[in-house]
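S.K.: Contents are compact mmCIF, C-alpha atoms; file name coords_33.txt:
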```txt
# COMPACT_ATOMS: atom_id res chain seq x y z
CA MET X 1458 47.25 -6.15 -33.70
CA THR X 1459 45.61 -5.31 -30.43
CA ALA X 1460 47.14 -5.51 -27.03
CA ALA X 1461 45.23 -6.33 -23.86
CA VAL X 1462 45.67 -3.82 -21.10
CA SER X 1463 44.97 -4.85 -17.53
CA LEU X 1464 44.05 -2.21 -15.03
CA PRO X 1465 45.09 -2.52 -11.41
CA ALA X 1466 42.35 -3.54 -9.01
CA PRO X 1467 41.04 -0.71 -6.84
CA ALA X 1468 42.39 -0.76 -3.32
CA PRO X 1469 39.82 -1.62 -0.66
CA THR X 1470 38.76 1.36 1.40
CA PRO X 1471 39.42 1.07 5.10
CA ALA X 1472 36.45 1.16 7.45
CA SER X 1473 37.53 4.49 8.91
CA ALA X 1474 37.45 6.13 5.47
CA GLN X 1475 33.76 5.37 4.85
CA ARG X 1476 31.49 8.32 4.27
CA THR X 1477 29.39 9.51 7.19
CA LEU X 1478 25.70 10.27 6.77
CA SER X 1479 24.63 13.82 6.22
CA GLN X 1480 22.03 15.31 8.53
CA TYR X 1481 19.29 14.82 5.93
CA GLU X 1482 20.23 11.20 5.36
CA PHE X 1483 20.34 10.51 9.10
CA TRP X 1484 16.91 12.02 9.76
CA GLY X 1485 15.49 10.41 6.62
CA ARG X 1486 16.54 6.97 7.81
CA LEU X 1487 15.37 7.69 11.34
CA PHE X 1488 11.90 8.71 10.13
CA VAL X 1489 11.59 5.51 8.08
CA VAL X 1490 12.06 3.31 11.17
CA PRO X 1491 8.46 3.68 12.51
CA TYR X 1492 7.03 2.74 9.12
CA LEU X 1493 9.27 -0.30 8.97
CA LEU X 1494 8.15 -1.32 12.45
CA VAL X 1495 4.48 -1.00 11.49
CA PHE X 1496 5.16 -3.02 8.33
CA VAL X 1497 6.89 -5.76 10.30
CA VAL X 1498 4.20 -5.91 13.00
CA PHE X 1499 1.13 -5.71 10.77
CA VAL X 1500 2.34 -7.39 7.55
CA LEU X 1501 5.37 -9.61 7.98
CA TYR X 1502 4.44 -11.09 11.36
CA PRO X 1503 0.85 -12.11 10.35
CA VAL X 1504 2.05 -13.57 7.05
CA GLY X 1505 4.83 -15.46 8.80
CA TYR X 1506 2.46 -16.67 11.50
CA GLY X 1507 -0.03 -17.81 8.86
CA LEU X 1508 2.69 -19.74 7.07
CA TRP X 1509 3.79 -21.23 10.39
CA LEU X 1510 0.25 -22.41 11.09
CA ALA X 1511 -0.17 -23.68 7.52
CA ARG X 1512 2.69 -26.15 7.85
CA HIS X 1513 0.56 -28.54 9.90
CA PRO X 1514 -1.59 -30.85 7.70
CA GLU X 1515 -3.99 -31.49 10.59
CA SER X 1516 -5.03 -27.83 10.38
CA TYR X 1517 -6.49 -28.48 6.92
CA VAL X 1518 -8.30 -31.58 8.15
CA LYS X 1519 -9.89 -29.54 10.95
CA LEU X 1520 -10.75 -26.77 8.49
CA PHE X 1521 -12.54 -29.03 6.01
CA ASP X 1522 -14.31 -30.90 8.81
CA ASP X 1523 -15.75 -27.66 10.17
CA PRO X 1524 -19.38 -27.29 8.95
CA ILE X 1525 -19.13 -23.49 8.92
CA PHE X 1526 -16.14 -23.39 6.55
CA PHE X 1527 -17.91 -24.20 3.29
CA ARG X 1528 -20.80 -21.83 4.02
CA THR X 1529 -18.30 -19.09 4.83
CA ALA X 1530 -16.32 -19.75 1.64
CA ILE X 1531 -19.52 -19.60 -0.45
CA ASN X 1532 -20.61 -16.37 1.27
CA THR X 1533 -17.20 -14.85 0.57
CA VAL X 1534 -17.34 -15.75 -3.13
CA ILE X 1535 -20.90 -14.40 -3.45
CA PHE X 1536 -19.92 -11.19 -1.68
CA LEU X 1537 -16.91 -10.69 -3.93
CA VAL X 1538 -18.82 -11.35 -7.14
CA VAL X 1539 -21.76 -9.13 -6.16
CA ALA X 1540 -19.71 -6.35 -4.54
CA ILE X 1541 -17.21 -5.99 -7.38
CA ASN X 1542 -19.83 -5.98 -10.12
CA LEU X 1543 -22.23 -3.74 -8.21
CA LYS X 1544 -19.50 -1.18 -7.48
CA MET X 1545 -18.43 -1.24 -11.12
CA ILE X 1546 -21.99 -0.66 -12.34
CA VAL X 1547 -22.57 2.17 -9.85
CA ALA X 1548 -19.25 3.77 -10.86
CA MET X 1549 -20.16 3.59 -14.55
CA VAL X 1550 -23.61 5.07 -13.96
CA LEU X 1551 -22.22 7.89 -11.80
CA SER X 1552 -19.47 8.69 -14.30
CA GLY X 1553 -22.03 8.88 -17.08
CA PHE X 1554 -24.24 11.07 -14.90
CA PHE X 1555 -21.50 13.50 -13.82
CA ILE X 1556 -20.18 14.02 -17.34
CA GLN X 1557 -23.32 15.93 -18.28
CA THR X 1558 -23.03 19.73 -18.43
CA ARG X 1559 -26.04 20.88 -16.43
CA TRP X 1560 -25.37 23.44 -13.69
CA TRP X 1561 -26.92 21.40 -10.88
CA ILE X 1562 -24.78 18.38 -11.78
CA LYS X 1563 -21.70 20.58 -11.42
CA ALA X 1564 -22.95 21.68 -8.00
CA LEU X 1565 -23.57 18.07 -7.02
CA SER X 1566 -20.08 17.18 -8.26
CA LEU X 1567 -18.70 19.87 -5.98
CA LEU X 1568 -20.53 18.33 -3.01
CA PHE X 1569 -19.05 14.93 -3.86
CA ILE X 1570 -15.49 16.27 -4.17
CA LEU X 1571 -15.50 18.48 -1.05
CA PRO X 1572 -14.82 15.74 1.54
CA TRP X 1573 -11.78 14.71 -0.48
CA ALA X 1574 -10.47 18.18 -1.36
CA VAL X 1575 -10.96 20.12 1.87
CA PRO X 1576 -8.58 18.12 4.11
CA SER X 1577 -5.78 18.31 1.53
CA ASP X 1578 -6.26 22.08 1.15
CA THR X 1579 -6.08 22.48 4.92
CA ASP X 1580 -2.89 20.42 5.01
CA HIS X 1581 -1.43 22.58 2.26
CA PHE X 1582 -2.25 25.83 4.04
CA VAL X 1583 -0.92 24.60 7.38
CA GLY X 1584 2.25 23.30 5.74
CA THR X 1585 2.77 26.57 3.93
CA PHE X 1586 2.24 28.50 7.13
CA LEU X 1587 4.69 26.37 9.11
CA THR X 1588 7.53 26.60 6.60
```
What does this structure look like when you write it as structure tokens?
M.R.:
Amino acid sequence: MTAAVSLPAPAPTPASAQRTLSQYEFWGRLFVVPYLLVFVVFVLYPVGYGLWLARHPESYVKLFDDPIFFRTAINTVIFLVVAINLKMIVAMVLSGFFIQTRWWIKALSLLFILPWAVPSDTDHFVGTFLT
């Protein structure tokens, strides 16, 4: 035979007994604020404004009546189809080219990687120096 045991409910903590933020937590939250502001201004506001404008059916009537709209939509689709496939083909050709083991291809690979690697190395050295 089993007996059910009920545990007492935990007492609510008073507001004055809440934990305060450590210095690291305070500065961490403070440094996140600018990123949140940029996100709100450049992402949430435009999306919200676009949804606000999209609620009017007459906007769609004006859009489809505009003679430039269909040409622009076709140009966008053509650009996407051509750009995506062309970039993929170029990437495949370059990856096949740079996998070869000739010395001059290694030198050319170094020239391609330098603009990406040098700024991060500089950041590393400056960060190491400052700490």
S.K.: Could you work out how far atom CA of Phe1582 of chain X lies from atom CA of Val1490 of chain X, giving the answer in Å with one decimal?
M.R.: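 Distance between the two atoms: 27.6 Å.
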S.K.: One number please: atom CA of Asn1532 of chain X to atom CA of Ser1552 of chain X, in Å, one decimal.
M.R.: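 Atom CA of Ser1552 of chain X lies at a distance of 29.5 Å from atom CA of Asn1532 of chain X.
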S.K.: Find the distance between atom CA of Val1583 of chain X and atom CA of Gly1485 of chain X and write it in Å to one decimal.
M.R.: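 The value is 21.7 Å.
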S.K.: Which polymer residues have any atom within 7 Å of an atom of Ser1566 of chain X, counting only C-alpha atoms, with same-chain residues fewer than 4 positions away left out, as a short mmCIF file (atom, residue, chain, number, x, y, z; two decimals) with C-alpha atoms, in the coordinates of the input?
M.R.:
```cif
data_model
loop_
_atom_site.label_atom_id
_atom_site.label_comp_id
_atom_site.auth_asym_id
_atom_site.auth_seq_id
_atom_site.Cartn_x
_atom_site.Cartn_y
_atom_site.Cartn_z
CA PHE X 1555 -21.50 13.50 -13.82
CA ILE X 1562 -24.78 18.38 -11.78
CA ILE X 1570 -15.49 16.27 -4.17
#
```
S.K.: Counting only C-alpha atoms, which residues come within 12 Å of (-20.1, 10.4, -2.6), with the point read in the file's coordinates, and could you list them as a ChimeraX atom specification?
M.R.: /X:1547-1548,1551-1552,1555,1565-1573
S.K.: Enclose segment 1531-1546 of chain X, meaning all of its atoms listed in the file, in a box aligned along x, y and z, pad it by 4 Å on each side, and list the centre and edge lengths in Å to one decimal, as lines of an AutoDock Vina configuration file.
M.R.:
```
center_x = -19.6
center_y = -10.1
center_z = -5.5
size_x = 13.3
size_y = 26.9
size_z = 21.6
```
